[in-house]
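**Q** Mind having a look at this structure? Questions to follow.
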Amino acid sequence: MQTTHRFRIAAAALVAAIAVVGCATAPSPADLDKQADAMIRASFREQGIAKLDRLDQDLGQKACSSATPPPEAVAQQVEAEAMATIRWPQGGNYIGDWRVGERLAQNGRGMTWTDSSAATSANGAQCYNCHQVDKKEISFGTIGPSLWNYGKLRGVKDLADPASAPIIQYTWGKLWNSKAYSACSNMPRFGHARLLDEQQIRDVMALLLDPKSPVNQ
Amino acid sequence: MTTIRLTAAALALAACTATHAQKSAADGIAEYRKMLEDGNPAELFEAKGEDLWKTPRGPKKVSLQRCDLGLGAGVVKGAWVQLPRWFADTGRVQDLESRLLTCMETLQGFNAAEIAKTGFDKGEQATLAALAAWISAESRGAKMALPQGHAEERRFYELGKRAFFFRGGPMDFSCASCHGVDNIRIRLQDLPNLTKNPGDGIGFAAWPAYRVSSGEMWSMQRRLNDCYRQQRFPYPGFASDVTIALGVYMGVNAKGSESIAPALKR
């Protein structure tokens with residue numbers, strides 16, 4: 001009995017010691033994830049059109065929120081779900097006016113808390129922020145690849161030619177929801193996130209694909 | 001007036017340089033900064049900040065000369081390059097601005113929460129911008145040396161890293177979207193990679209800074225605020241934990257880099 005009692009005391013002391021050490025030990029990565037989420041939620045407030053729901057992450061945003069890419073299976077799920085969101089244009093009408101497209105490509109405005117409206121009409125397509133588009137514009141970003149000669153390099157000589165259809169559809173899909181083709185793409189989901197409407201996307205499509213567009217000269 | 005005219009002329013020159021040779025856009029801007037080196041308008045804010053530090057102010061009519069920025073009461077030299085850091089009296093990791101709020105409340109009797117809610121450049125927020133300019137200038141040329149000895153400082157580094165990679169908003173942006181790799185830019189603006197040490201006087205080692213485009217003195221808090229605006233996020237609270245954690249992450253990553261704050265920015 002005496003021995004058992006002593007053993008119990010020793011065991012209790014050990015548990016207490018572990019608890020103390022536990023407190024001094026650094027939090028686990030999972031704990032830190034939770035703490036970071038709570039910290040972010042507590043640190044922001046809504047302002048104008050920028051409401052707190054902008055902090056609610058969907059599967060892809062969450063999966064792409066670390067220095068390491070998500071597991072292959074998760075990436076595939078993100079891409080499949082994104083693919084299912086793409087709304088193809090009414091009547092198969094993919095191409096608008098490249099002149100309007102160029103103006104949209106130049107326009108980097110929209111969706112900040114200093115913008116008064118979140119309507120698509122208030123937004124630019126932001127292309128030059130990250131891409132070279134028309135070579136005449138020397139102020140372009142380099143986060144994304146160059147889009148100079150986008151259609152020409154991909155063999156688009158005639159928009160009505162069935163051979164042009166795959167690249168036209170891919171480009172529409174990429175603009176509508178870039179994550180359908182790359183789970184952690186840096187590119188916004190212009191159609192899916194309602195940054196641009198169908199007609200605006202048609203106009204950007206024309207800038208990239210119309211053989212008459214300055215981009216394809 | 002002479003300074004403003006000189007600024008405008010230099011800006012025009014830099015713009016021309018950029019137009020004529022895109023490759024040298026960054027060189028043009030560097031050249032323009034060089035031209036202004038002897039006349040950085042931040043100096044005006046430094047002088048104002050030093051004065052505000054030493055002047056008895058607030059309901060209690062005392063100066064900030066007993067404020068502890070981490071190196072002991074009243075020590076300003078070298079304090080900036082060790083912030084954010086843990087403070088035992090508040091039990092918090094604090095950056096320069098949140099620490100100044102503590103001092104303004106405890107020493108001078110101001111209401112810190114009220115100042116945090118005030119818009120940039122208004123009321124006591126203008127005081128904070130000037131104080132940040134002077135205090136950072138007192139560490140000019142020193143190397144970034146944020147302490148990581150306290151468990152909370154290490155925890156904030158980890159939280160800051162997570163905040164840095166946190167994707168959200170209508171455009172799916174995180175800090176890492178623009179500052180996660182080397183040698184990229186938005187339009188002509190070079191973007192430092194802040195996930196590692198970006199080098200002397202770059203990124204965290206360049207703020208606070210005077211922004212020529214807006215004619216304003218920006219603290220790191222304000223720089224982060226505008227980053228989040230352009231990230232299309234909601235509004236980060238002034239001196240909120242997410243901003244302090246990001247400061248720890250970027251500042252620790254910049255360890256050993258020379259601080260040029262307050263710098264001059266486009």
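Residue numbering restarts at 1 in every chain; chains get A, B, ... in the order shown in the structure tokens, and ligands count up from 1 in that same order.
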If you run DSSP over the backbone, which residues in region 42-230 of chain B end up helix (DSSP H, G or I)? Put them as a PyMOL selection string.

**A** chain B and resi 42-54+80-82+96-106+112-117+123-137+151-165+175-179+203-206+220-230

**Q** Write out the residues from the selection above, keeping C-alpha atoms, as a short mmCIF file (atom, residue, chain, number, x, y, z; two decimals), in the first residue's frame.

**A**
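Written file, part_27.cif:
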data_model
loop_
_atom_site.label_atom_id
_atom_site.label_comp_id
_atom_site.auth_asym_id
_atom_site.auth_seq_id
_atom_site.Cartn_x
_atom_site.Cartn_y
_atom_site.Cartn_z
CA ALA B 42 11.43 63.43 -44.06
CA GLU B 43 13.93 65.70 -42.31
CA LEU B 44 11.15 68.17 -41.59
CA PHE B 45 9.20 65.40 -39.88
CA GLU B 46 12.29 64.27 -37.98
CA ALA B 47 12.74 67.75 -36.53
CA LYS B 48 9.07 67.93 -35.62
CA GLY B 49 9.23 64.46 -34.05
CA GLU B 50 12.21 65.30 -31.89
CA ASP B 51 10.43 68.40 -30.69
CA LEU B 52 7.24 66.46 -29.91
CA TRP B 53 9.24 63.88 -27.95
CA LYS B 54 10.78 66.53 -25.72
CA TRP B 80 14.04 51.32 -33.86
CA VAL B 81 16.09 48.44 -35.29
CA GLN B 82 15.03 46.23 -32.34
CA LEU B 96 7.05 51.35 -32.49
CA GLU B 97 3.59 52.81 -33.00
CA SER B 98 1.82 50.61 -30.45
CA ARG B 99 4.62 51.29 -27.96
CA LEU B 100 4.26 55.03 -28.51
CA LEU B 101 0.52 54.68 -27.87
CA THR B 102 1.35 53.01 -24.53
CA CYS B 103 3.71 55.83 -23.57
CA MET B 104 1.29 58.54 -24.67
CA GLU B 105 -1.41 56.95 -22.52
CA THR B 106 0.60 56.09 -19.40
CA ALA B 112 -4.61 55.28 -26.82
CA ALA B 113 -7.73 53.60 -28.21
CA GLU B 114 -9.01 56.93 -29.44
CA ILE B 115 -5.73 57.75 -31.19
CA ALA B 116 -5.70 54.28 -32.80
CA LYS B 117 -9.16 55.02 -34.23
CA GLY B 123 -4.77 64.86 -34.63
CA GLU B 124 -2.37 62.73 -32.61
CA GLN B 125 -1.86 60.40 -35.60
CA ALA B 126 0.19 63.22 -37.14
CA THR B 127 2.20 63.24 -33.90
CA LEU B 128 2.85 59.51 -34.25
CA ALA B 129 4.06 59.89 -37.85
CA ALA B 130 6.53 62.61 -36.85
CA LEU B 131 7.73 60.66 -33.80
CA ALA B 132 8.25 57.56 -35.96
CA ALA B 133 10.29 59.62 -38.44
CA TRP B 134 12.61 60.93 -35.73
CA ILE B 135 12.92 57.71 -33.74
CA SER B 136 13.74 55.67 -36.86
CA ALA B 137 16.26 58.33 -37.95
CA ALA B 151 8.76 32.99 -26.38
CA GLU B 152 6.17 35.60 -27.36
CA GLU B 153 8.59 37.16 -29.87
CA ARG B 154 9.08 33.76 -31.48
CA ARG B 155 5.33 33.08 -31.41
CA PHE B 156 4.66 36.43 -33.12
CA TYR B 157 7.18 35.54 -35.82
CA GLU B 158 5.21 32.36 -36.52
CA LEU B 159 1.89 34.23 -36.49
CA GLY B 160 3.33 36.88 -38.79
CA LYS B 161 4.52 34.25 -41.23
CA ARG B 162 1.02 32.79 -41.34
CA ALA B 163 -0.55 36.22 -41.83
CA PHE B 164 1.94 36.89 -44.63
CA PHE B 165 0.74 33.85 -46.60
CA CYS B 175 1.27 39.52 -48.92
CA ALA B 176 3.16 36.68 -50.62
CA SER B 177 1.35 37.28 -53.92
CA CYS B 178 3.60 40.29 -54.47
CA HIS B 179 6.42 39.79 -51.97
CA GLY B 203 11.55 46.53 -47.44
CA PHE B 204 11.27 46.65 -43.66
CA ALA B 205 14.62 48.47 -43.43
CA ALA B 206 13.27 51.42 -45.48
CA MET B 220 5.27 51.16 -41.16
CA GLN B 221 1.71 50.96 -39.83
CA ARG B 222 0.51 53.13 -42.67
CA ARG B 223 2.56 51.20 -45.24
CA LEU B 224 0.90 47.96 -44.09
CA ASN B 225 -2.51 49.62 -44.08
CA ASP B 226 -2.13 50.54 -47.76
CA CYS B 227 -0.80 47.07 -48.61
CA TYR B 228 -3.99 45.59 -47.19
CA ARG B 229 -6.09 48.14 -49.06
CA GLN B 230 -4.49 47.07 -52.33
#

**Q** Sorted by chain and rising residue number, which residues of chain B lie within 7 Å of chain A, and what are their closest atom pairs and distances in Å to one decimal, counting only C-alpha atoms, as CSV?

**A**
residue,atom,partner,partner_atom,distance
B:Gln22,CA,A:Ile138,CA,6.2
B:Leu159,CA,A:Ala36,CA,5.2
B:Arg162,CA,A:Ala36,CA,6.4
B:Ala163,CA,A:Ala36,CA,6.7
B:Phe165,CA,A:Ser65,CA,4.9
B:Phe166,CA,A:Ser65,CA,4.8
B:Arg167,CA,A:Gln61,CA,5.3
B:Gly168,CA,A:Leu55,CA,5.5
B:Gly169,CA,A:Arg54,CA,4.3
B:Pro170,CA,A:Ala193,CA,5.9
B:Met171,CA,A:Pro188,CA,4.6
B:Asp172,CA,A:Pro188,CA,6.1
B:Ser177,CA,A:Asn186,CA,6.3
B:Ile184,CA,A:Thr142,CA,5.3
B:Arg185,CA,A:Gly141,CA,5.0
B:Ile186,CA,A:Gly141,CA,4.1
B:Arg187,CA,A:Phe140,CA,3.9
B:Leu188,CA,A:Ser139,CA,5.4
B:Arg229,CA,A:Thr112,CA,5.6
B:Gln230,CA,A:Thr112,CA,6.2
B:Arg232,CA,A:Thr112,CA,4.8
B:Phe233,CA,A:Arg54,CA,6.3
B:Pro234,CA,A:Ala50,CA,4.9
B:Tyr235,CA,A:Arg45,CA,5.3
B:Pro236,CA,A:Phe44,CA,4.3
B:Gly237,CA,A:Ser43,CA,5.6
B:Ser240,CA,A:Ser43,CA,5.2
B:Asp241,CA,A:Ser43,CA,6.2
B:Val242,CA,A:Ile40,CA,5.9

**Q** Export C-alpha atoms of the chosen residues as a PDB file, in the first residue's frame?

**A**
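Just written: again-v1.pdb:
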ATOM      1  CA  GLN B  22      12.378  50.577 -69.685  1.00  0.00           C
ATOM      2  CA  LEU B 159       1.888  34.227 -36.490  1.00  0.00           C
ATOM      3  CA  ARG B 162       1.019  32.788 -41.337  1.00  0.00           C
ATOM      4  CA  ALA B 163      -0.552  36.222 -41.828  1.00  0.00           C
ATOM      5  CA  PHE B 165       0.738  33.855 -46.597  1.00  0.00           C
ATOM      6  CA  PHE B 166      -2.977  34.238 -45.705  1.00  0.00           C
ATOM      7  CA  ARG B 167      -4.971  34.425 -48.938  1.00  0.00           C
ATOM      8  CA  GLY B 168      -8.343  36.071 -48.981  1.00  0.00           C
ATOM      9  CA  GLY B 169     -10.515  38.793 -50.434  1.00  0.00           C
ATOM     10  CA  PRO B 170     -12.148  39.048 -53.862  1.00  0.00           C
ATOM     11  CA  MET B 171      -8.784  38.780 -55.655  1.00  0.00           C
ATOM     12  CA  ASP B 172      -7.259  35.916 -53.607  1.00  0.00           C
ATOM     13  CA  SER B 177       1.347  37.281 -53.924  1.00  0.00           C
ATOM     14  CA  ILE B 184       9.147  40.729 -59.861  1.00  0.00           C
ATOM     15  CA  ARG B 185       7.324  44.009 -60.168  1.00  0.00           C
ATOM     16  CA  ILE B 186       3.852  45.553 -60.446  1.00  0.00           C
ATOM     17  CA  ARG B 187       3.914  47.902 -63.426  1.00  0.00           C
ATOM     18  CA  LEU B 188       7.401  49.432 -62.989  1.00  0.00           C
ATOM     19  CA  ARG B 229      -6.094  48.145 -49.063  1.00  0.00           C
ATOM     20  CA  GLN B 230      -4.495  47.072 -52.327  1.00  0.00           C
ATOM     21  CA  ARG B 232      -8.573  44.180 -51.218  1.00  0.00           C
ATOM     22  CA  PHE B 233      -8.786  43.114 -47.576  1.00  0.00           C
ATOM     23  CA  PRO B 234     -10.928  44.739 -44.885  1.00  0.00           C
ATOM     24  CA  TYR B 235      -9.326  47.485 -42.780  1.00  0.00           C
ATOM     25  CA  PRO B 236      -6.531  46.437 -40.390  1.00  0.00           C
ATOM     26  CA  GLY B 237      -6.814  48.087 -36.994  1.00  0.00           C
ATOM     27  CA  SER B 240      -3.530  45.537 -34.317  1.00  0.00           C
ATOM     28  CA  ASP B 241      -1.796  42.218 -33.653  1.00  0.00           C
ATOM     29  CA  VAL B 242      -1.745  41.225 -37.329  1.00  0.00           C
TER      30      VAL B 242
END

**Q** Taking the DSSP assignment computed from this structure's backbone, write out as a list of chain:residue names all residues of region 29-239 of chain B that belong to strand (DSSP E).

**A** B:Arg85, B:Trp86, B:Phe87, B:Arg92, B:Val93, B:Gln94, B:Ile184, B:Arg185, B:Ile186, B:Gln189, B:Asp190, B:Leu191, B:Ala209, B:Tyr210, B:Arg211, B:Glu216, B:Met217, B:Trp218, B:Tyr235, B:Pro236

**Q** For N, CA and C atoms, I'd like the residues from the last selection saved as an mmCIF file, in the first residue's frame.

**A**
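Once everything was written out, this is selection_2.cif:
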data_model
loop_
_atom_site.group_PDB
_atom_site.id
_atom_site.type_symbol
_atom_site.label_atom_id
_atom_site.label_comp_id
_atom_site.auth_asym_id
_atom_site.auth_seq_id
_atom_site.Cartn_x
_atom_site.Cartn_y
_atom_site.Cartn_z
ATOM 1 N N ARG B 85 9.238 44.213 -30.352
ATOM 2 C CA ARG B 85 9.819 43.351 -29.326
ATOM 3 C C ARG B 85 8.853 43.194 -28.154
ATOM 4 N N TRP B 86 9.187 42.264 -27.257
ATOM 5 C CA TRP B 86 8.360 41.994 -26.071
ATOM 6 C C TRP B 86 8.583 43.069 -25.011
ATOM 7 N N PHE B 87 7.496 43.528 -24.385
ATOM 8 C CA PHE B 87 7.581 44.482 -23.279
ATOM 9 C C PHE B 87 6.924 43.881 -22.040
ATOM 10 N N ARG B 92 3.081 42.420 -23.769
ATOM 11 C CA ARG B 92 2.757 42.289 -25.194
ATOM 12 C C ARG B 92 3.998 42.493 -26.061
ATOM 13 N N VAL B 93 3.935 41.910 -27.271
ATOM 14 C CA VAL B 93 4.902 42.268 -28.301
ATOM 15 C C VAL B 93 4.364 43.544 -28.947
ATOM 16 N N GLN B 94 5.201 44.566 -29.028
ATOM 17 C CA GLN B 94 4.747 45.849 -29.560
ATOM 18 C C GLN B 94 5.699 46.379 -30.622
ATOM 19 N N ILE B 184 10.396 40.460 -59.154
ATOM 20 C CA ILE B 184 9.147 40.729 -59.861
ATOM 21 C C ILE B 184 8.733 42.160 -59.580
ATOM 22 N N ARG B 185 7.811 42.660 -60.388
ATOM 23 C CA ARG B 185 7.324 44.009 -60.168
ATOM 24 C C ARG B 185 5.857 44.126 -60.541
ATOM 25 N N ILE B 186 5.185 45.150 -60.013
ATOM 26 C CA ILE B 186 3.852 45.553 -60.446
ATOM 27 C C ILE B 186 4.068 46.824 -61.249
ATOM 28 N N GLN B 189 7.088 49.097 -60.612
ATOM 29 C CA GLN B 189 7.523 49.097 -59.216
ATOM 30 C C GLN B 189 8.154 47.752 -58.833
ATOM 31 N N ASP B 190 9.453 47.773 -58.493
ATOM 32 C CA ASP B 190 10.108 46.552 -58.027
ATOM 33 C C ASP B 190 9.497 46.113 -56.700
ATOM 34 N N LEU B 191 9.367 44.802 -56.526
ATOM 35 C CA LEU B 191 8.768 44.255 -55.310
ATOM 36 C C LEU B 191 9.804 43.427 -54.553
ATOM 37 N N ALA B 209 8.899 56.165 -44.278
ATOM 38 C CA ALA B 209 9.437 56.828 -45.460
ATOM 39 C C ALA B 209 8.546 57.999 -45.863
ATOM 40 N N TYR B 210 9.197 58.956 -46.531
ATOM 41 C CA TYR B 210 8.440 60.070 -47.108
ATOM 42 C C TYR B 210 8.025 59.655 -48.510
ATOM 43 N N ARG B 211 6.736 59.698 -48.797
ATOM 44 C CA ARG B 211 6.232 59.317 -50.114
ATOM 45 C C ARG B 211 6.008 60.546 -50.972
ATOM 46 N N GLU B 216 3.411 62.612 -48.270
ATOM 47 C CA GLU B 216 3.103 62.282 -46.879
ATOM 48 C C GLU B 216 4.224 61.476 -46.233
ATOM 49 N N MET B 217 4.289 61.593 -44.920
ATOM 50 C CA MET B 217 5.215 60.789 -44.130
ATOM 51 C C MET B 217 4.464 59.536 -43.698
ATOM 52 N N TRP B 218 4.966 58.371 -44.113
ATOM 53 C CA TRP B 218 4.285 57.112 -43.786
ATOM 54 C C TRP B 218 5.087 56.290 -42.794
ATOM 55 N N TYR B 235 -10.224 46.469 -43.335
ATOM 56 C CA TYR B 235 -9.326 47.485 -42.780
ATOM 57 C C TYR B 235 -8.595 46.953 -41.537
ATOM 58 N N PRO B 236 -7.248 46.913 -41.580
ATOM 59 C CA PRO B 236 -6.531 46.437 -40.390
ATOM 60 C C PRO B 236 -6.512 47.515 -39.302
#
